[in-house]
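Below is one structure, written out as structure tokens; comments come after it.
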Amino acid sequence: MLNIVVFGAPGCGKGTQSELIVKNYDLFHISTGSTLRSEIEKQTELGKLAEEYINNGHLLPDDLTIKMLVDILESNPDEKGFIFDGFPRTIVQAETLDRLLRERNTGITAGFNLDVEEEMLIERMSKRGKEQGRCDDTPDTIRKRLEIYRIRTEPLIAYYKKQGKLFMIKGNKPVEDVFESIREILDRLIYQNK
Ligand code: ADP
């Protein structure tokens, strides 16, 4: 199995790159952010709970996102591999994901961090807020999300580095160029995995 984590600050382009990866490789896309947005739209129990956290720029409690992830993994037992986009976002989530995959006799193959400087992140999110009306892309919430990213999610860089699985990708280039950097590494990993 090939299991890839794509992570980075909000606005780094992980959603876009994950879409491109699943279009080109036989992997199943798990985006906790889009799953939650659709739960909110349908106003399910989880959606109602998630709404306030997301609109305020906060992370959901780990137990909620972990349960959501377990449900997705269990409903897709025959996939050849996964792209984890938006999960893990905390060390507890990363440790849990390692354990869940170990129980399924597999593990994370690589963690891609999309690295983009703060000014560009703010610019991209403000543009997305205007174009797509995402209610967490407002100036105050953007600042909050960046702050939470630095504290809670950035430590994942050290976590995957220690496991020898980290790939830092410059995310400040055009979409196709960023994807080209990812593709090169993925092709190599697939070759080594054979
Ligand atoms: P972005 O990376 O642009 O912030 P996402 O679509 O990945 O956007 O996530 C949107 C929001 O959903 C996050 O700000 C957070 O509130 C919530 N969320 C998504 N995944 C998780 C997670 N693994 N743990 C906690 N909260 C999450």
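We name chains A, B, ... following the order of the structure tokens; residues begin at 1 in each chain, and ligands are numbered from 1 as shown.
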
Could you report the residues within 7 Å of ligand 1, using only C-alpha atoms and all ligand atoms, as number ranges by chain?
A: 9-11, 14, 31-34, 36, 53-54, 57-62, 65, 85-89, 145

Can you tell me, as a list in words, which residues in chain A count as strand (DSSP E) by DSSP?
Leu2, Asn3, Ile4, Val5, Val6, Phe7, Gly8, Phe28, His29, Ile30, Ser31, Gly81, Phe82, Ile83, Phe84, Asp85, Ala110, Gly111, Phe112, Asn113, Leu114, Asp115, Leu166, Phe167, Met168, Ile169 and Lys170 of chain A

Those residues with N, CA and C atoms, as a short mmCIF file (atom, residue, chain, number, x, y, z; two decimals), in the first residue's frame please?
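File produced: part22.cif:
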data_model
loop_
_atom_site.label_atom_id
_atom_site.label_comp_id
_atom_site.auth_asym_id
_atom_site.auth_seq_id
_atom_site.Cartn_x
_atom_site.Cartn_y
_atom_site.Cartn_z
N LEU A 2 0.31 2.30 -0.60
CA LEU A 2 1.01 3.57 -0.59
C LEU A 2 0.10 4.56 0.16
N ASN A 3 0.55 5.03 1.30
CA ASN A 3 -0.26 5.96 2.08
C ASN A 3 0.48 7.28 2.25
N ILE A 4 -0.14 8.34 1.76
CA ILE A 4 0.54 9.63 1.73
C ILE A 4 -0.20 10.65 2.59
N VAL A 5 0.55 11.38 3.41
CA VAL A 5 -0.02 12.50 4.15
C VAL A 5 0.39 13.78 3.44
N VAL A 6 -0.57 14.65 3.16
CA VAL A 6 -0.24 15.96 2.60
C VAL A 6 -0.65 16.99 3.64
N PHE A 7 0.32 17.78 4.10
CA PHE A 7 -0.03 18.76 5.13
C PHE A 7 0.70 20.08 4.92
N GLY A 8 0.20 21.10 5.60
CA GLY A 8 0.79 22.43 5.48
C GLY A 8 -0.19 23.44 6.02
N PHE A 28 -7.04 6.59 -2.77
CA PHE A 28 -8.33 7.11 -2.32
C PHE A 28 -8.11 8.39 -1.51
N HIS A 29 -8.85 9.43 -1.85
CA HIS A 29 -8.66 10.76 -1.23
C HIS A 29 -9.51 10.91 0.04
N ILE A 30 -8.86 11.11 1.16
CA ILE A 30 -9.59 11.42 2.39
C ILE A 30 -9.30 12.87 2.76
N SER A 31 -10.32 13.75 2.60
CA SER A 31 -10.15 15.14 3.00
C SER A 31 -11.09 15.42 4.17
N GLY A 81 -4.46 2.36 -1.44
CA GLY A 81 -3.70 3.33 -0.66
C GLY A 81 -4.52 4.60 -0.49
N PHE A 82 -4.06 5.47 0.39
CA PHE A 82 -4.83 6.67 0.72
C PHE A 82 -3.98 7.93 0.64
N ILE A 83 -4.66 9.04 0.30
CA ILE A 83 -4.07 10.36 0.48
C ILE A 83 -4.78 10.96 1.67
N PHE A 84 -4.06 11.24 2.71
CA PHE A 84 -4.64 11.89 3.88
C PHE A 84 -4.42 13.40 3.76
N ASP A 85 -5.53 14.12 3.52
CA ASP A 85 -5.46 15.56 3.27
C ASP A 85 -6.24 16.26 4.39
N ALA A 110 4.90 8.35 3.11
CA ALA A 110 5.57 9.65 3.06
C ALA A 110 4.66 10.76 3.55
N GLY A 111 5.26 11.77 4.13
CA GLY A 111 4.54 12.98 4.54
C GLY A 111 5.06 14.15 3.73
N PHE A 112 4.19 14.78 2.95
CA PHE A 112 4.59 15.93 2.14
C PHE A 112 4.15 17.20 2.85
N ASN A 113 5.12 18.06 3.19
CA ASN A 113 4.76 19.36 3.73
C ASN A 113 4.86 20.40 2.63
N LEU A 114 3.75 21.10 2.38
CA LEU A 114 3.76 22.16 1.37
C LEU A 114 4.10 23.47 2.07
N ASP A 115 5.26 23.98 1.71
CA ASP A 115 5.80 25.12 2.42
C ASP A 115 5.56 26.42 1.64
N LEU A 166 9.73 12.47 5.77
CA LEU A 166 9.34 13.84 5.43
C LEU A 166 9.89 14.31 4.08
N PHE A 167 9.02 14.93 3.29
CA PHE A 167 9.46 15.60 2.07
C PHE A 167 8.94 17.04 2.12
N MET A 168 9.86 18.00 2.10
CA MET A 168 9.46 19.41 2.10
C MET A 168 9.33 19.86 0.65
N ILE A 169 8.16 20.40 0.32
CA ILE A 169 7.90 20.82 -1.06
C ILE A 169 7.66 22.32 -1.07
N LYS A 170 8.35 23.03 -1.96
CA LYS A 170 8.11 24.48 -2.07
C LYS A 170 6.76 24.69 -2.73
#

Pick from A:Tyr191, A:Ile122, A:Glu79, A:Lys144 nearest to A:Cys12, counting only C-alpha atoms:
A:Ile122

Surrounding residues of A:Ser126 excluding itself and chain neighbours under 4 positions, 12 Å, only C-alpha atoms, as a ChimeraX atom specification:
/A:10-11,119-122,130-143

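Nearest to A:Glu123 of all the residues A:Asn56, A:Thr44, A:Asn172, A:Ser181 is A:Asn172, based on only C-alpha atoms.
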
Write out as a PyMOL selection string which residues come within 12 Å of A:Arg99 when counting only C-alpha atoms, dropping same-chain ones fewer than 6 positions away.
chain A and resi 66+70+92-93+105-108

Restrict the selected residues to all heavy atoms and save them as a CSV table (one decimal), in the first residue's frame.
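Printed below is again-v9.csv as written:
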chain,number,residue,atom,x,y,z
A,66,ILE,N,-10.9,11.8,14.8
A,66,ILE,CA,-10.3,10.4,14.8
A,66,ILE,C,-11.5,9.4,14.5
A,66,ILE,O,-11.4,8.5,13.6
A,66,ILE,CB,-9.6,10.0,16.1
A,66,ILE,CG1,-8.3,10.8,16.2
A,66,ILE,CG2,-9.4,8.5,16.2
A,66,ILE,CD1,-7.6,10.8,17.5
A,70,VAL,N,-11.7,6.9,11.3
A,70,VAL,CA,-11.9,5.4,11.4
A,70,VAL,C,-13.1,5.0,10.6
A,70,VAL,O,-13.0,4.0,9.8
A,70,VAL,CB,-12.2,5.0,12.9
A,70,VAL,CG1,-12.6,3.6,13.0
A,70,VAL,CG2,-10.9,5.3,13.7
A,92,VAL,N,-1.2,13.9,18.4
A,92,VAL,CA,-2.1,12.8,18.8
A,92,VAL,C,-2.8,12.2,17.6
A,92,VAL,O,-2.8,10.9,17.5
A,92,VAL,CB,-3.2,13.3,19.8
A,92,VAL,CG1,-4.3,12.3,20.0
A,92,VAL,CG2,-2.5,13.7,21.1
A,93,GLN,N,-3.2,13.0,16.6
A,93,GLN,CA,-3.8,12.4,15.4
A,93,GLN,C,-2.8,11.6,14.6
A,93,GLN,O,-3.1,10.5,14.1
A,93,GLN,CB,-4.4,13.5,14.5
A,93,GLN,CG,-5.6,14.2,15.1
A,93,GLN,CD,-6.2,15.3,14.3
A,93,GLN,OE1,-5.9,15.4,13.1
A,93,GLN,NE2,-7.0,16.1,14.8
A,105,ASN,N,-1.8,-3.7,9.0
A,105,ASN,CA,-0.6,-4.2,8.5
A,105,ASN,C,0.0,-3.2,7.4
A,105,ASN,O,0.6,-3.7,6.4
A,105,ASN,CB,-0.7,-5.6,7.9
A,105,ASN,CG,-1.1,-6.5,8.9
A,105,ASN,OD1,-0.4,-6.5,10.0
A,105,ASN,ND2,-2.0,-7.4,8.7
A,106,THR,N,-0.2,-1.9,7.6
A,106,THR,CA,0.4,-1.0,6.6
A,106,THR,C,0.9,0.2,7.4
A,106,THR,O,1.0,0.1,8.7
A,106,THR,CB,-0.6,-0.7,5.5
A,106,THR,OG1,0.0,0.3,4.6
A,106,THR,CG2,-1.9,-0.1,6.0
A,107,GLY,N,1.3,1.3,6.7
A,107,GLY,CA,1.8,2.4,7.4
A,107,GLY,C,1.9,3.6,6.5
A,107,GLY,O,1.6,3.5,5.3
A,108,ILE,N,2.3,4.8,7.0
A,108,ILE,CA,2.5,5.9,6.2
A,108,ILE,C,3.8,5.8,5.3
A,108,ILE,O,4.8,5.4,5.9
A,108,ILE,CB,2.6,7.2,7.0
A,108,ILE,CG1,1.3,7.5,7.7
A,108,ILE,CG2,3.1,8.4,6.2
A,108,ILE,CD1,0.1,7.8,6.8

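Closest approach to A:Pro77 among A:Met1, A:Met125, A:Leu97, A:Ile148 is made by A:Met1 (distances from only C-alpha atoms).
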
Sel. of alpha helix (DSSP H) residues, stretch 24-154 of chain A, as number ranges by chain
A: 24, 32-42, 45-55, 62-75, 91-103, 118-132, 139-148

Rank nothing, just name the residue among A:Lys173, A:Ile91, A:Leu69, A:Ile21 nearest to A:Ala158, using only C-alpha atoms.
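Looking only at the distances to A:Ala158, the closest residue turns out to be A:Ile91.
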
Identify which of the residues A:Ala94, A:Glu176, A:Arg128, A:Ile190 lies closest to A:Thr153, counting only C-alpha atoms when measuring atom-to-atom distances.
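For A:Thr153, the nearest of the candidates is A:Ala94.
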
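Taking atom CA of A:Lys23 and atom CA of A:Phe179 as endpoints, the distance between them is 11.5 Å.
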